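One file, start_24.cif, carrying mmCIF, C-alpha atoms and all ligand atoms:
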data_protein
loop_
_atom_site.group_PDB
_atom_site.id
_atom_site.type_symbol
_atom_site.label_atom_id
_atom_site.label_comp_id
_atom_site.auth_asym_id
_atom_site.auth_seq_id
_atom_site.Cartn_x
_atom_site.Cartn_y
_atom_site.Cartn_z
ATOM 1 C CA MET A 1 -11.931 0.949 -9.201
ATOM 2 C CA HIS A 2 -12.830 2.588 -5.952
ATOM 3 C CA LEU A 3 -9.684 4.610 -5.269
ATOM 4 C CA ARG A 4 -9.542 8.209 -6.354
ATOM 5 C CA PRO A 5 -6.501 10.493 -6.565
ATOM 6 C CA GLY A 6 -5.808 12.417 -3.379
ATOM 7 C CA HIS A 7 -6.411 16.171 -3.270
ATOM 8 C CA PRO A 8 -4.857 18.824 -0.996
ATOM 9 C CA ASP A 9 -8.277 19.152 0.716
ATOM 10 C CA ASP A 10 -7.873 15.532 1.903
ATOM 11 C CA ILE A 11 -4.738 16.322 3.913
ATOM 12 C CA PRO A 12 -6.420 17.050 7.293
ATOM 13 C CA LEU A 13 -8.161 13.651 7.252
ATOM 14 C CA ILE A 14 -5.043 11.900 5.977
ATOM 15 C CA MET A 15 -3.164 13.376 8.935
ATOM 16 C CA ALA A 16 -5.918 12.276 11.318
ATOM 17 C CA ILE A 17 -5.878 8.687 9.987
ATOM 18 C CA GLU A 18 -2.107 8.273 10.332
ATOM 19 C CA ARG A 19 -2.374 9.489 13.941
ATOM 20 C CA LEU A 20 -4.965 6.906 14.986
ATOM 21 C CA PRO A 21 -3.829 4.498 17.734
ATOM 22 C CA THR A 22 -4.102 1.585 15.281
ATOM 23 C CA ALA A 23 -1.659 3.236 12.872
ATOM 24 C CA HIS A 24 0.771 5.558 14.584
ATOM 25 C CA GLN A 25 3.198 2.868 15.749
ATOM 26 C CA PHE A 26 3.546 1.520 12.204
ATOM 27 C CA VAL A 27 3.679 4.640 10.026
ATOM 28 C CA GLY A 28 5.148 8.119 10.255
ATOM 29 C CA GLN A 29 3.084 11.167 11.089
ATOM 30 C CA TRP A 30 3.889 13.848 8.575
ATOM 31 C CA SER A 31 3.265 17.549 8.896
ATOM 32 C CA GLU A 32 0.744 19.287 6.688
ATOM 33 C CA ASP A 33 3.599 20.924 4.751
ATOM 34 C CA ARG A 34 5.260 17.597 4.062
ATOM 35 C CA HIS A 35 2.027 16.049 2.799
ATOM 36 C CA ARG A 36 1.253 19.091 0.691
ATOM 37 C CA SER A 37 4.664 19.206 -0.973
ATOM 38 C CA THR A 38 4.641 15.442 -1.597
ATOM 39 C CA LEU A 39 1.082 15.438 -2.934
ATOM 40 C CA THR A 40 1.634 18.378 -5.257
ATOM 41 C CA GLY A 41 5.092 17.233 -6.407
ATOM 42 C CA THR A 42 5.828 15.079 -9.451
ATOM 43 C CA ASP A 43 7.388 12.067 -7.751
ATOM 44 C CA ALA A 44 4.414 10.767 -5.741
ATOM 45 C CA ARG A 45 0.747 9.974 -6.159
ATOM 46 C CA TYR A 46 -1.815 9.853 -3.385
ATOM 47 C CA PHE A 47 -4.865 7.616 -3.575
ATOM 48 C CA VAL A 48 -7.771 7.738 -1.166
ATOM 49 C CA SER A 49 -10.774 5.567 -0.431
ATOM 50 C CA GLU A 50 -14.071 7.022 0.692
ATOM 51 C CA ALA A 51 -16.917 5.364 2.544
ATOM 52 C CA GLY A 52 -20.421 5.494 1.055
ATOM 53 C CA SER A 53 -20.997 8.636 3.135
ATOM 54 C CA GLY A 54 -18.098 10.318 1.312
ATOM 55 C CA LYS A 55 -15.892 10.317 4.411
ATOM 56 C CA LEU A 56 -12.262 9.499 3.766
ATOM 57 C CA ARG A 57 -11.455 6.091 5.290
ATOM 58 C CA ALA A 58 -8.007 5.199 3.930
ATOM 59 C CA TYR A 59 -5.140 6.496 1.855
ATOM 60 C CA ALA A 60 -1.994 5.309 0.147
ATOM 61 C CA ILE A 61 1.091 6.976 -1.294
ATOM 62 C CA LEU A 62 3.095 5.689 -4.260
ATOM 63 C CA ARG A 63 6.530 7.196 -4.719
ATOM 64 C CA GLY A 64 9.415 7.085 -7.192
ATOM 65 C CA LEU A 65 7.372 7.998 -10.237
ATOM 66 C CA SER A 66 9.835 10.572 -11.514
ATOM 67 C CA GLU A 67 12.650 8.016 -11.673
ATOM 68 C CA ASP A 68 13.529 5.873 -14.675
ATOM 69 C CA SER A 69 14.165 2.709 -12.694
ATOM 70 C CA GLY A 70 10.703 1.219 -13.256
ATOM 71 C CA ALA A 71 10.531 0.572 -9.525
ATOM 72 C CA VAL A 72 7.700 2.161 -7.582
ATOM 73 C CA GLU A 73 7.613 2.369 -3.802
ATOM 74 C CA LEU A 74 4.452 1.898 -1.805
ATOM 75 C CA LYS A 75 5.456 4.563 0.655
ATOM 76 C CA ARG A 76 2.368 4.239 2.818
ATOM 77 C CA ILE A 77 -1.003 2.589 3.135
ATOM 78 C CA VAL A 78 -3.268 3.272 6.088
ATOM 79 C CA VAL A 79 -6.913 2.432 6.750
ATOM 80 C CA ALA A 80 -8.947 4.057 9.514
ATOM 81 C CA THR A 81 -10.625 0.799 10.568
ATOM 82 C CA PRO A 82 -8.377 -2.234 10.084
ATOM 83 C CA GLU A 83 -9.347 -5.822 9.414
ATOM 84 C CA ARG A 84 -12.444 -5.317 7.327
ATOM 85 C CA GLY A 85 -10.824 -6.243 4.031
ATOM 86 C CA LEU A 86 -10.251 -2.676 2.843
ATOM 87 C CA GLY A 87 -6.458 -2.951 2.890
ATOM 88 C CA ARG A 88 -6.575 -6.017 0.636
ATOM 89 C CA GLN A 89 -8.991 -4.310 -1.733
ATOM 90 C CA MET A 90 -6.824 -1.193 -1.926
ATOM 91 C CA LEU A 91 -3.567 -3.044 -2.355
ATOM 92 C CA THR A 92 -5.031 -5.174 -5.135
ATOM 93 C CA GLU A 93 -6.100 -2.002 -6.903
ATOM 94 C CA LEU A 94 -2.752 -0.293 -6.283
ATOM 95 C CA ILE A 95 -0.870 -3.279 -7.755
ATOM 96 C CA GLN A 96 -3.030 -2.965 -10.842
ATOM 97 C CA ILE A 97 -2.299 0.778 -11.074
ATOM 98 C CA VAL A 98 1.438 0.214 -10.667
ATOM 99 C CA PHE A 99 1.787 -2.514 -13.295
ATOM 100 C CA GLU A 100 -0.906 -1.517 -15.774
ATOM 101 C CA ASP A 101 -1.175 2.257 -15.631
ATOM 102 C CA LEU A 102 2.330 3.185 -14.544
ATOM 103 C CA HIS A 103 4.010 0.293 -16.419
ATOM 104 C CA ALA A 104 6.382 -0.338 -13.529
ATOM 105 C CA HIS A 105 8.503 -3.479 -13.285
ATOM 106 C CA ARG A 106 8.665 -3.680 -9.539
ATOM 107 C CA LEU A 107 6.721 -2.540 -6.517
ATOM 108 C CA PHE A 108 8.535 -2.440 -3.212
ATOM 109 C CA LEU A 109 7.871 -1.317 0.312
ATOM 110 C CA ASP A 110 9.385 -1.140 3.720
ATOM 111 C CA VAL A 111 7.502 -2.592 6.695
ATOM 112 C CA TYR A 112 8.247 -3.062 10.377
ATOM 113 C CA GLU A 113 8.839 -6.725 11.095
ATOM 114 C CA ASP A 114 6.415 -6.685 14.042
ATOM 115 C CA ASN A 115 3.599 -5.401 11.827
ATOM 116 C CA ALA A 116 2.133 -8.894 11.453
ATOM 117 C CA ARG A 117 -1.115 -7.816 9.836
ATOM 118 C CA ALA A 118 0.609 -5.803 7.122
ATOM 119 C CA CYS A 119 3.277 -8.486 6.530
ATOM 120 C CA HIS A 120 0.568 -11.140 6.151
ATOM 121 C CA LEU A 121 -1.344 -8.988 3.695
ATOM 122 C CA TYR A 122 1.704 -8.154 1.559
ATOM 123 C CA GLU A 123 2.960 -11.726 1.424
ATOM 124 C CA SER A 124 -0.495 -13.097 0.631
ATOM 125 C CA LEU A 125 -0.515 -10.811 -2.409
ATOM 126 C CA GLY A 126 2.847 -12.105 -3.628
ATOM 127 C CA PHE A 127 5.401 -9.774 -2.068
ATOM 128 C CA LEU A 128 8.731 -11.396 -1.221
ATOM 129 C CA ARG A 129 11.086 -10.578 1.604
ATOM 130 C CA ARG A 130 14.264 -9.098 0.175
ATOM 131 C CA CYS A 131 16.435 -8.457 3.185
ATOM 132 C CA ALA A 132 16.097 -7.253 6.708
ATOM 133 C CA ALA A 133 17.680 -3.993 7.710
ATOM 134 C CA ARG A 134 21.051 -4.444 9.353
ATOM 135 C CA ARG A 135 20.126 -2.607 12.500
ATOM 136 C CA ARG A 136 17.434 -4.752 14.048
ATOM 137 C CA GLN A 137 16.317 -1.967 16.323
ATOM 138 C CA THR A 138 14.896 -0.200 13.319
ATOM 139 C CA ARG A 139 12.268 -2.983 13.129
ATOM 140 C CA ARG A 140 12.383 -2.591 9.385
ATOM 141 C CA GLN A 141 12.343 -5.103 6.596
ATOM 142 C CA LEU A 142 11.980 -4.758 2.884
ATOM 143 C CA LEU A 143 9.377 -6.496 0.795
ATOM 144 C CA GLN A 144 9.108 -6.322 -2.946
ATOM 145 C CA SER A 145 7.193 -7.792 -5.789
ATOM 146 C CA PRO A 146 9.045 -10.703 -7.456
ATOM 147 C CA PRO A 147 12.031 -9.548 -9.539
ATOM 148 C CA ASP A 148 11.380 -7.409 -12.596
ATOM 149 C CA VAL A 149 9.536 -9.159 -15.409
ATOM 150 C CA ASP A 150 8.349 -11.909 -13.087
ATOM 151 C CA ALA A 151 6.360 -9.336 -11.171
ATOM 152 C CA ARG A 152 4.291 -8.436 -14.193
ATOM 153 C CA LYS A 153 3.927 -12.095 -15.212
ATOM 154 C CA GLN A 154 2.782 -13.051 -11.756
ATOM 155 C CA TYR A 155 0.370 -10.126 -11.644
ATOM 156 C CA ARG A 156 -1.109 -11.141 -15.015
ATOM 157 C CA ALA A 157 -1.309 -14.817 -14.036
ATOM 158 C CA ARG A 158 -3.178 -13.912 -10.860
ATOM 159 C CA LYS A 159 -5.482 -11.634 -12.799
ATOM 160 C CA THR A 160 -6.215 -14.338 -15.374
ATOM 161 C CA ALA A 161 -6.855 -16.876 -12.628
ATOM 162 C CA THR A 162 -9.244 -14.460 -10.931
ATOM 163 C CA ALA A 163 -11.026 -13.708 -14.184
ATOM 164 C CA ALA A 164 -11.278 -17.343 -15.309
ATOM 165 C CA PRO A 165 -14.788 -18.758 -15.122
ATOM 166 C CA LYS A 166 -15.253 -21.054 -12.151
ATOM 167 C CA ALA A 167 -16.126 -24.704 -12.711
ATOM 168 C CA PRO A 168 -19.779 -25.366 -11.947
HETATM 169 C C1 LIG B 1 -1.893 -2.742 7.147
HETATM 170 C C2 LIG B 1 -3.302 -2.300 6.767
HETATM 171 C C3 LIG B 1 -3.207 -1.254 5.664
HETATM 172 C C4 LIG B 1 -4.060 -3.513 6.223
HETATM 173 O O1 LIG B 1 -5.378 -3.125 5.930
HETATM 174 P P1 LIG B 1 -6.625 -3.945 6.567
HETATM 175 O O2 LIG B 1 -7.855 -3.369 5.994
HETATM 176 O O3 LIG B 1 -6.483 -3.982 8.034
HETATM 177 O O4 LIG B 1 -6.312 -5.395 5.960
HETATM 178 P P2 LIG B 1 -7.353 -6.532 5.543
HETATM 179 O O5 LIG B 1 -8.501 -6.549 6.498
HETATM 180 O O6 LIG B 1 -7.674 -6.399 4.105
HETATM 181 O O7 LIG B 1 -6.439 -7.835 5.705
HETATM 182 C C5 LIG B 1 -5.770 -8.077 6.913
HETATM 183 C C6 LIG B 1 -5.207 -9.478 6.855
HETATM 184 O O8 LIG B 1 -4.294 -9.644 7.955
HETATM 185 C C7 LIG B 1 -4.687 -10.767 8.713
HETATM 186 N N1 LIG B 1 -4.253 -10.512 10.063
HETATM 187 C C8 LIG B 1 -4.821 -9.717 10.997
HETATM 188 N N2 LIG B 1 -4.074 -9.720 12.120
HETATM 189 C C9 LIG B 1 -3.017 -10.523 11.875
HETATM 190 C C10 LIG B 1 -1.906 -10.947 12.650
HETATM 191 N N3 LIG B 1 -1.718 -10.525 13.911
HETATM 192 N N4 LIG B 1 -1.012 -11.788 12.072
HETATM 193 C C11 LIG B 1 -1.174 -12.214 10.801
HETATM 194 N N5 LIG B 1 -2.200 -11.857 10.023
HETATM 195 C C12 LIG B 1 -3.126 -11.020 10.558
HETATM 196 C C13 LIG B 1 -6.194 -10.857 8.516
HETATM 197 O O9 LIG B 1 -6.672 -12.146 8.811
HETATM 198 C C14 LIG B 1 -6.279 -10.550 7.023
HETATM 199 O O10 LIG B 1 -5.828 -11.633 6.265
HETATM 200 P P3 LIG B 1 -6.833 -12.529 5.350
HETATM 201 O O11 LIG B 1 -7.465 -11.586 4.366
HETATM 202 O O12 LIG B 1 -5.911 -13.520 4.699
HETATM 203 O O13 LIG B 1 -7.808 -13.117 6.320
HETATM 204 C C15 LIG B 1 -4.083 -1.723 7.985
HETATM 205 O O14 LIG B 1 -4.220 -2.724 8.965
HETATM 206 C C16 LIG B 1 -3.468 -0.488 8.591
HETATM 207 O O15 LIG B 1 -3.777 0.627 8.153
HETATM 208 N N6 LIG B 1 -2.589 -0.675 9.599
HETATM 209 C C17 LIG B 1 -1.966 0.464 10.277
HETATM 210 C C18 LIG B 1 -0.983 1.176 9.358
HETATM 211 C C19 LIG B 1 -0.016 0.199 8.749
HETATM 212 O O16 LIG B 1 0.502 -0.694 9.397
HETATM 213 N N7 LIG B 1 0.290 0.419 7.437
HETATM 214 C C20 LIG B 1 1.228 -0.383 6.724
HETATM 215 C C21 LIG B 1 2.586 0.115 6.985
HETATM 216 S S1 LIG B 1 3.821 -0.812 6.070
#
Write out the structure in this file as structure tokens.
Ligand SMILES: CC(C)(COP(=O)(O)OP(=O)(O)OC[C@H]1O[C@@H](n2cnc3c(N)ncnc32)[C@H](O)[C@@H]1OP(=O)(O)O)[C@@H](O)C(=O)NCCC(=O)NCCS
Amino acid sequence: MHLRPGHPDDIPLIMAIERLPTAHQFVGQWSEDRHRSTLTGTDARYFVSEAGSGKLRAYAILRGLSEDSGAVELKRIVVATPERGLGRQMLTELIQIVFEDLHAHRLFLDVYEDNARACHLYESLGFLRRCAARRRQTRRQLLQSPPDVDARKQYRARKTATAAPKAP
């Protein structure tokens, strides 16, 4: 595990990361108040990743935790320096948190259809396209883990396959 829970002191760097040129076209830029109320509320959890130097280099927000639906939303994931494998590492860990620690049945997210890097990453980790938004100009599409129990089965199968000893 390399993610740690986010803390209100992380908010300035979280705000800086989501405003980077590599991120701002794909994610919203929230105010400090909005981050603070979300982070300190009961419905969401923030997770952050730090570099060896201790500097914050990525964050993610899970949402929907106060609902009974068993469905958790990956509201946001942003890394400061893309394409170095950090997003995959974080998402793998977040999937584990969602299904093992939070006992959710489904993990879903909303992604712009022209966000090819993110779409590739999500689909390579088993997310399925559910439906595109009706208004194409929103650039949005929905991805989710496979339906309900299958999501947990698939997660466990992948985990077992990863843990299985490799043939010599
Ligand atoms: C999306 C994001 C979190 C992914 O994190 P990351 O650290 O860049 O991702 P990784 O390096 O682990 O993996 C990127 C994958 O996309 C692939 N990729 C890169 N550019 C691509 C493109 N144009 N088309 C398809 N795949 C692409 C890489 O090859 C890699 O796949 P692989 O592991 O199979 O080789 C990160 O890029 C980011 O913060 N983007 C800006 C904010 C954002 O879009 N957030 C998601 C909003 S839904």
From the list A:Ile14, A:Val27, A:Ala118, A:Ala104, which residue is nearest Leu91 of chain A when using all atoms listed in the file?
->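 Among A:Ile14, A:Val27, A:Ala118, A:Ala104, it is A:Ala118 that comes nearest to Leu91 of chain A.
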Gap from atom O1 of ligand LIG 1 (chain B) to atom CA of Ala58 of chain A - Å, one decimal | 9.0 Å
Hey, which of A:Ser49, A:Leu39, A:Glu32, A:Ala80 ends up closest to Leu20 of chain A? Count all atoms listed in the file.
-> A:Ala80
Which centre and edge lengths in Å to one decimal define the box along x, y and z that fits every listed atom of segment 102-107 of chain A plus 6 Å per side, as AutoDock Vina command-line options?
--center_x 5.5 --center_y -0.2 --center_z -11.5 --size_x 18.3 --size_y 18.9 --size_z 21.9
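Between atom CA of Ile11 of chain A and atom CA of His103 of chain A the interatomic distance comes to 27.3 Å.
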All residues having an atom within 6 Å of ligand LIG 1 (chain B) (only C-alpha atoms and all ligand atoms) as a list in words | Thr22, Ala23, Phe26, Val27, Arg76, Ile77, Val78, Val79, Pro82, Glu83, Arg84, Gly85, Leu86, Gly87, Arg88, Val111, Ala116, Arg117, Ala118, His120 and Leu121 of chain A
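Take the candidates A:Ile17, A:Asp10, A:Thr38, A:Leu109 and check each one against Thr81 of chain A using all atoms listed in the file; the shortest distance goes to A:Ile17.
Here the question is which of A:Ile97, A:Leu128, A:Cys119, A:Ala51 gets nearest to Pro5 of chain A using all atoms listed in the file, and that residue is A:Ile97.
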With distances taken over all atoms listed in the file, which of A:Ile95, A:Leu107, A:Leu102, A:Met90 is nearest to Arg57 of chain A?
-> A:Met90
